[in-house]
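A short write-up of the structure that comes next.
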Amino acid sequence: MSFAVRPPIPVARASAVAPRLCTDRPARAPIGANRDRTSTMARAEASASAGTGADVVFALDFDGVVCDSEPESSISGWKHGVDLWPEVFGPADAEKGRVLDELRLVRPVVETGFENTLLARALLEKIHTVDDIIADWGGLMPGLMERWGCDRGEMVAGYGKIRDDWMAADMDGWLAPNLVYPGVAEACIAAEDSANCDVFIVTTKQARFAQAIMRRKGNLRIPDERVFSQTVSGLPKTDVLADLQANARDDAVRLVFVEDKLSTLEKVCKVGAALERWELYLVDWGYNTEAERARAAANPRITVVGMDQFVGTLRGAAEGK
């Protein structure tokens with residue numbers, strides 16, 4: 001099985017012009033949203049009571065670690081924009097290619113899928129430059145949400161529905177731009193099939209989308225109770241890690257957390273002694289910048305890893321090494 005890999009994300013410049021204002025309209029609830037919320041909360045509760053007998057516990061982020069979902073998430077952001085603001089996106093189809101290219105450049109700032117929709121409009125209307133977004137998306141996003149009358153819950157639901165509708169109409173078409181990184185699925189399968197390891201997915205992606213990609217693109221089957229969606233459950237990743245640590249077989253179990261978001265790893269560091277057993281790894285192929293990788297390398301708690309090292313760690317653990 002072979003997978004295409006997109007090049008590392010560079011940082012480019014774009015010009016800014018005066019913004020346009022437009023009204024928002026409510027998003028509709030996605031198919032299966034309630035089921036996803038209920039099942040995720042149940043899994044979170046189960047993790048607090050069900051221990052693991054493995055020697056090594058891997059907690060893996062999904063987007064940027066297992067899967068390069070940027071092409072699909074950017075397209076879904078554009079589609080969601082068309083659905084929410086047809087008067088803005090409808091006449092702008094000629095700008096779609098430029099916006100999708102710039103969405104890839106700003107992908108390192110995205111925490112939750114619906115942010116692609118906000119970014120698509122901001123870039124379409126040239127409200128903010130790529131550099132400004134990279135530098136301060138956390139500060140810019142609340143103003144855009146308020147300006148366009150967006151509700152977070154409705155945005156999550158609406159973005160999810162765009163994906164649900166796309167999957168229902170053309171599953172192969174939806175899967176095609178979700179790219180599993182080379183060798184990662186096979187290494188995860190080896191770890192998951194080994195009695196030495198337990199593999200958990202801890203992601204901001206809604207669980208049903210992560211499972212569809214893993215199963216259809218990577219032949220990787222992680223039990224539902226080991227896939228945690230922060231977007232749906234509302235549980236921070238630090239809480240999930242605390243639960244997994246509390247339910248490890250004993251203090252000798254190796255705990256490994258792998259992320260592409262430096263900010264997430266830094267939150268774990270800030271928790272302090274309660275999560276100090278976790279080995280923290282930042283992958284160098286995910287959605288992060290050169291500056292973030294340099295900052296991670298200067299943090300004694302965090303190790304920056306390449307894909308070969310990551311794959312080797314999974315396979316070595318599977319073999320009991």
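Just remember, in the structure tokens the first chain shown is A, the second B, etc., residues are 1-based per chain, and ligands are 1-based in the order shown.
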
Taking only C-alpha atoms into account, produce a table as a Markdown table in which each residue of stretch 56-140 of chain A with an atom at most 12 Å from an atom of stretch 221-231 of chain A appears once, together with its shortest atom pair and the distance in Å to one decimal, ordered by chain and rising number.
```
| residue | atom | partner | partner_atom | distance |
| --- | --- | --- | --- | --- |
| A:Val57 | CA | A:Arg226 | CA | 11.1 |
| A:Phe58 | CA | A:Arg226 | CA | 10.6 |
| A:Ala59 | CA | A:Arg226 | CA | 9.2 |
| A:Leu60 | CA | A:Val227 | CA | 9.6 |
| A:Asp61 | CA | A:Phe228 | CA | 9.7 |
| A:Phe62 | CA | A:Val227 | CA | 9.7 |
| A:Asp63 | CA | A:Ser229 | CA | 11.8 |
| A:Glu111 | CA | A:Thr231 | CA | 9.3 |
| A:Thr112 | CA | A:Thr231 | CA | 6.9 |
| A:Gly113 | CA | A:Thr231 | CA | 8.9 |
| A:Phe114 | CA | A:Thr231 | CA | 10.2 |
| A:Glu115 | CA | A:Thr231 | CA | 11.9 |
```

Item to check | Residue list (alpha helix (DSSP H), DSSP) for stretch 72-163 of chain A, as JSON, numbers by chain | outcome: {"A": [72, 73, 74, 75, 76, 77, 78, 79, 80, 81, 82, 83, 84, 86, 87, 88, 89, 96, 97, 98, 99, 100, 101, 102, 103, 104, 105, 115, 116, 117, 118, 119, 120, 121, 122, 123, 124, 130, 131, 132, 133, 134, 135, 136, 137, 138, 139, 140, 141, 142, 143, 144, 145, 146, 147, 152, 153, 154, 155, 156, 157, 158, 159, 160, 161, 162, 163]}

Next on the checklist: Quick one: residues within 10 Å of stretch 274-282 of chain A, only C-alpha atoms, excluding same-chain residues fewer than 6 positions away - as a ChimeraX atom specification?
Outcome noted: /A:57-60,65,238-239,241-242,245-246,251-262,264-266,268,288,292-293,296-297,300-306,310

Now that the selection is made, can you save its residues with C-alpha atoms as a tab-separated table (two decimals), in the first residue's frame?
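The result, written out as selection34.tsv:
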```
chain	number	residue	atom	x	y	z
A	57	VAL	CA	0.44	2.79	26.09
A	58	PHE	CA	0.51	5.02	23.02
A	59	ALA	CA	-1.80	8.05	22.92
A	60	LEU	CA	-1.65	9.38	19.36
A	65	VAL	CA	0.37	12.33	13.14
A	238	THR	CA	-4.75	16.44	29.55
A	239	ASP	CA	-7.80	14.87	31.24
A	241	LEU	CA	-4.03	11.39	29.55
A	242	ALA	CA	-4.66	11.55	33.29
A	245	GLN	CA	-2.22	7.05	33.34
A	246	ALA	CA	-4.46	6.24	36.31
A	251	ASP	CA	3.98	2.43	37.41
A	252	ALA	CA	6.31	0.45	35.16
A	253	VAL	CA	4.06	0.91	32.12
A	254	ARG	CA	5.61	3.19	29.51
A	255	LEU	CA	3.30	6.07	28.52
A	256	VAL	CA	3.90	7.78	25.15
A	257	PHE	CA	1.97	10.81	23.87
A	258	VAL	CA	2.60	11.85	20.25
A	259	GLU	CA	1.34	15.17	18.87
A	260	ASP	CA	1.91	17.61	16.05
A	261	LYS	CA	0.60	20.58	18.08
A	262	LEU	CA	3.27	22.09	20.29
A	264	THR	CA	-0.98	20.77	23.34
A	265	LEU	CA	2.31	19.32	24.57
A	266	GLU	CA	3.07	22.54	26.43
A	268	VAL	CA	0.76	18.79	29.40
A	288	ASN	CA	3.69	22.79	12.97
A	292	GLU	CA	7.65	25.64	16.95
A	293	ARG	CA	9.96	22.71	16.33
A	296	ALA	CA	10.07	22.13	21.30
A	297	ALA	CA	13.70	21.09	20.93
A	300	PRO	CA	13.64	19.18	28.08
A	301	ARG	CA	10.29	17.41	28.38
A	302	ILE	CA	9.63	17.25	24.64
A	303	THR	CA	11.42	15.24	21.96
A	304	VAL	CA	11.07	16.15	18.27
A	305	VAL	CA	10.87	12.98	16.17
A	306	GLY	CA	10.97	12.13	12.51
A	310	PHE	CA	8.23	7.19	15.25
```

Checklist entry - How many Å lie between atom CA of A:Ala248 and atom CA of A:Pro182, rounded to one decimal? => result 29.6 Å

Item to check | From A:Ile75, A:Ala92, A:Leu105, A:Ala191, residue lying nearest A:Thr117 [only C-alpha atoms] | outcome: A:Ile75

Next on the checklist: If I take atom CA of A:Asp68 and atom CA of A:Met171, how far is one from the other in Å, to one decimal?
Outcome noted: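 That distance, rounded to one decimal, is 17.2 Å.
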
Checklist entry - Between A:Leu220, A:Val240, A:Ile133, A:Leu235, which has the minimum distance to A:Gly183 (counting only C-alpha atoms)? => result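 Closest to A:Gly183, using only C-alpha atoms: A:Leu220.
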
Checklist entry - From the list A:Met145, A:Ile189, A:Ala298, A:Ala291, which residue is nearest A:Pro108 when using only C-alpha atoms? => result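 Of A:Met145, A:Ile189, A:Ala298, A:Ala291, the one nearest A:Pro108 is A:Ala291, counting only C-alpha atoms.
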